[in-house]
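A short worksheet on the structure shown next.
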Amino acid sequence: MKRQYRWWIGLTMLGCLWGPLSVGQTNNDAIQCANLIFGGIHTSRCFSDEFLSAVQRETTIPTERRFRTVKLDSEELFNYPFVMMTGEADFMFTQGERENLKHYLESGGFLLASAGCSSSAFDRAFRREMRNLFNEDALERIPMDHALFRTVHVIEEITLEHPAEPAFLEGMQRDGKWVVVYSANGLNNTAYTQGCCCCGANEIVNALELNMNILVYALMH
């Protein structure tokens with residue numbers, strides 16, 4: 001059972017030593033975040049890591065500027081406090097991935113997931129996998145007055161590139177903390193990627209600020 005505490009001790013120290021975020025404070029232990037390989041072969045090549053640099057610039061939290069690519073069914077997963085997954089296609093977790101993700105989330109890990117370019121195929125697959133792993137009501141809407149929308153930037157609304165109806169985030173809680181945050185609209189922030197775009201499909205305009213807030217929430221709560 002030791003594997004689930006590899007990074008938890010470090011995060012506990014961050015919370016104790018730093019408390020509220022204050023500009024100018026430094027720490028040599030940079031937070032590393034992971035980009036998952038899931039469903040055997042799926043991974044994201046178009047989710048911007050710019051928010052990692054932005055968090056380091058605007059808060060006291062030292063972060064590595066690039067994602068590490070990690071297999072969902074690997075022991076290495078438990079080295080990372082924050083992991084993300086996105087895509088535009090249908091997928092299915094392997095049994096090993098299901099078991100690992102469930103244990104990871106129940107051990108204090110955090111997952112950010114997004115349907116790239118608001119893909120309905122990815123959205124259906126992600127909801128199905130969450131139901132299979134947990135229950136029919138695994139995902140619930142996160143209210144806009146929640147602290148998650150106030151950690152670094154005050155976010156009053158989620159703005160879509162092509163608004164049709166109000167956008168929102170969903171998630172799953174454990175012991176009063178959100179351990180999964182999911183967006184059915186693209187959080188990829190492709191303005192900061194190379195060779196990637198939604199090409200007329202939908203994406204969240206203020207994704208950079210949202211991703212910053214989500215990361216800081218995950219690390220400080």
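Letters for chains follow the order of the structure tokens (A, B, ...), residue numbers begin at 1 for each chain, and ligand numbers begin at 1 in the order shown.
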7 Å contact set for A:Gly186, only C-alpha atoms, chain neighbours under 3 positions out, as an mmCIF file with N, CA and C atoms, in the first residue's frame:
```cif
data_model
loop_
_atom_site.group_PDB
_atom_site.id
_atom_site.type_symbol
_atom_site.label_atom_id
_atom_site.label_comp_id
_atom_site.auth_asym_id
_atom_site.auth_seq_id
_atom_site.Cartn_x
_atom_site.Cartn_y
_atom_site.Cartn_z
ATOM 1 N N SER A 114 -11.333 15.768 -20.403
ATOM 2 C CA SER A 114 -12.016 16.688 -21.294
ATOM 3 C C SER A 114 -12.282 16.014 -22.627
ATOM 4 N N ALA A 115 -13.480 16.226 -23.151
ATOM 5 C CA ALA A 115 -13.801 15.754 -24.500
ATOM 6 C C ALA A 115 -13.195 16.741 -25.495
ATOM 7 N N GLY A 116 -12.115 16.354 -26.136
ATOM 8 C CA GLY A 116 -11.436 17.253 -27.066
ATOM 9 C C GLY A 116 -12.373 17.738 -28.154
ATOM 10 N N CYS A 117 -12.383 19.056 -28.399
ATOM 11 C CA CYS A 117 -13.257 19.663 -29.410
ATOM 12 C C CYS A 117 -14.722 19.299 -29.174
ATOM 13 N N SER A 118 -15.060 19.066 -27.893
ATOM 14 C CA SER A 118 -16.442 18.732 -27.500
ATOM 15 C C SER A 118 -16.940 17.473 -28.198
ATOM 16 N N SER A 183 -15.013 17.903 -18.322
ATOM 17 C CA SER A 183 -15.704 18.857 -19.186
ATOM 18 C C SER A 183 -16.102 18.162 -20.481
ATOM 19 N N ASN A 202 -16.322 22.859 -31.117
ATOM 20 C CA ASN A 202 -16.411 23.733 -29.947
ATOM 21 C C ASN A 202 -15.251 23.540 -28.977
ATOM 22 N N GLU A 203 -14.906 24.637 -28.302
ATOM 23 C CA GLU A 203 -13.842 24.616 -27.310
ATOM 24 C C GLU A 203 -14.107 25.733 -26.306
ATOM 25 N N ILE A 204 -13.598 25.552 -25.089
ATOM 26 C CA ILE A 204 -13.779 26.551 -24.041
ATOM 27 C C ILE A 204 -12.721 27.647 -24.200
#
```
Practice task
Identify, with DSSP run on backbone atoms, the residues in chain A assigned to strand (DSSP E), and express the list as an MDAnalysis selection string.
Solution key: chainID A and resid 34:37 68:71 82:87 110:115 140:141 170:174 177:183
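Candidate residues A:Leu52, A:Val205, A:Asp137, A:Lys177 were compared for distance to A:Arg65, and the nearest is A:Leu52, using only C-alpha atoms.
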Exercise for the section: Compile the contact shell of A:Leu105 as a ChimeraX atom specification: residues with an atom at most 10 Å away, counting only C-alpha atoms, same-chain residues fewer than 2 positions apart removed. Expected result: /A:4,78,81,100-103,107-111,172-174,178-180
Selected residues, C-alpha atoms, written as a PDB file, in the first residue's frame, please.
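again-v4.pdb, freshly written:
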```
ATOM      1  CA  GLN A   4      -0.248   5.642  -2.897  1.00  0.00           C
ATOM      2  CA  PHE A  78       1.011   6.648  -8.409  1.00  0.00           C
ATOM      3  CA  PRO A  81      -0.781  13.864  -7.925  1.00  0.00           C
ATOM      4  CA  ASN A 100      -5.602   1.207 -11.341  1.00  0.00           C
ATOM      5  CA  LEU A 101      -7.706   4.336 -11.872  1.00  0.00           C
ATOM      6  CA  LYS A 102     -10.175   3.365  -9.160  1.00  0.00           C
ATOM      7  CA  HIS A 103      -7.385   2.752  -6.674  1.00  0.00           C
ATOM      8  CA  SER A 107      -5.975   6.992  -2.699  1.00  0.00           C
ATOM      9  CA  GLY A 108      -5.967  10.770  -3.197  1.00  0.00           C
ATOM     10  CA  GLY A 109      -5.104  11.144  -6.882  1.00  0.00           C
ATOM     11  CA  PHE A 110      -6.785  13.687  -9.162  1.00  0.00           C
ATOM     12  CA  LEU A 111      -8.027  13.304 -12.746  1.00  0.00           C
ATOM     13  CA  MET A 172     -16.801  13.180  -8.708  1.00  0.00           C
ATOM     14  CA  GLN A 173     -16.165  13.701  -5.009  1.00  0.00           C
ATOM     15  CA  ARG A 174     -14.453  11.618  -2.368  1.00  0.00           C
ATOM     16  CA  TRP A 178     -13.497  16.710  -6.063  1.00  0.00           C
ATOM     17  CA  VAL A 179     -11.097  14.038  -7.316  1.00  0.00           C
ATOM     18  CA  VAL A 180     -12.375  14.034 -10.913  1.00  0.00           C
TER      19      VAL A 180
END
```
Handout entry: Nearest-residue call for A:Thr159, choices A:Asp90, A:Asp145, A:Leu208, A:Asn213, using only C-alpha atoms
Key = A:Leu208
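Closest approach to A:Gln95 from the set A:Pro163, A:Gly176, A:Pro62, A:Gly39 is made by A:Gly39, with distances taken over only C-alpha atoms.
Distance annotation: of A:Phe51, A:Tyr217, A:Phe168, A:Tyr104, the residue with the minimal separation from A:Glu156 is A:Phe168; atom set is only C-alpha atoms.
Going from atom CA of A:Ala113 to atom CA of A:Tyr182 covers 4.8 Å.
Residue neighbourhood of A:Pro143, excluding near-sequence residues (fewer than 6 positions): A:Phe149, A:Phe168, A:Leu169, A:Glu170, at 10 Å, using only C-alpha atoms.
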Please produce a file of those selected residues containing N, CA and C atoms, as an mmCIF file, in the first residue's frame.
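After the write, again_28.cif holds the following:
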```
data_model
loop_
_atom_site.group_PDB
_atom_site.id
_atom_site.type_symbol
_atom_site.label_atom_id
_atom_site.label_comp_id
_atom_site.auth_asym_id
_atom_site.auth_seq_id
_atom_site.Cartn_x
_atom_site.Cartn_y
_atom_site.Cartn_z
ATOM 1 N N PHE A 149 -13.524 27.553 -8.620
ATOM 2 C CA PHE A 149 -13.581 28.676 -9.568
ATOM 3 C C PHE A 149 -12.997 29.967 -8.989
ATOM 4 N N PHE A 168 -20.675 23.951 -18.366
ATOM 5 C CA PHE A 168 -20.421 23.697 -16.948
ATOM 6 C C PHE A 168 -19.407 22.568 -16.821
ATOM 7 N N LEU A 169 -18.844 22.442 -15.638
ATOM 8 C CA LEU A 169 -17.956 21.336 -15.322
ATOM 9 C C LEU A 169 -18.699 20.327 -14.473
ATOM 10 N N GLU A 170 -18.301 19.074 -14.603
ATOM 11 C CA GLU A 170 -18.829 18.008 -13.764
ATOM 12 C C GLU A 170 -17.672 17.347 -13.034
#
```
Completion exercise
Expressed in Å, the length from atom CA of A:Ala34 to atom CA of A:Tyr80 is 6.5 Å
Handout entry: Counting only C-alpha atoms, the option among A:Asp123, A:Gly40, A:Glu76, A:Glu64 closest to A:Glu97
Key = A:Gly40
Practice task
List every residue of chain A that DSSP, applied to the backbone of this structure, places in alpha helix (DSSP H), and write the result as a ChimeraX atom specification.
Solution key: /A:8-18,50-58,95-106,120-133,207-220
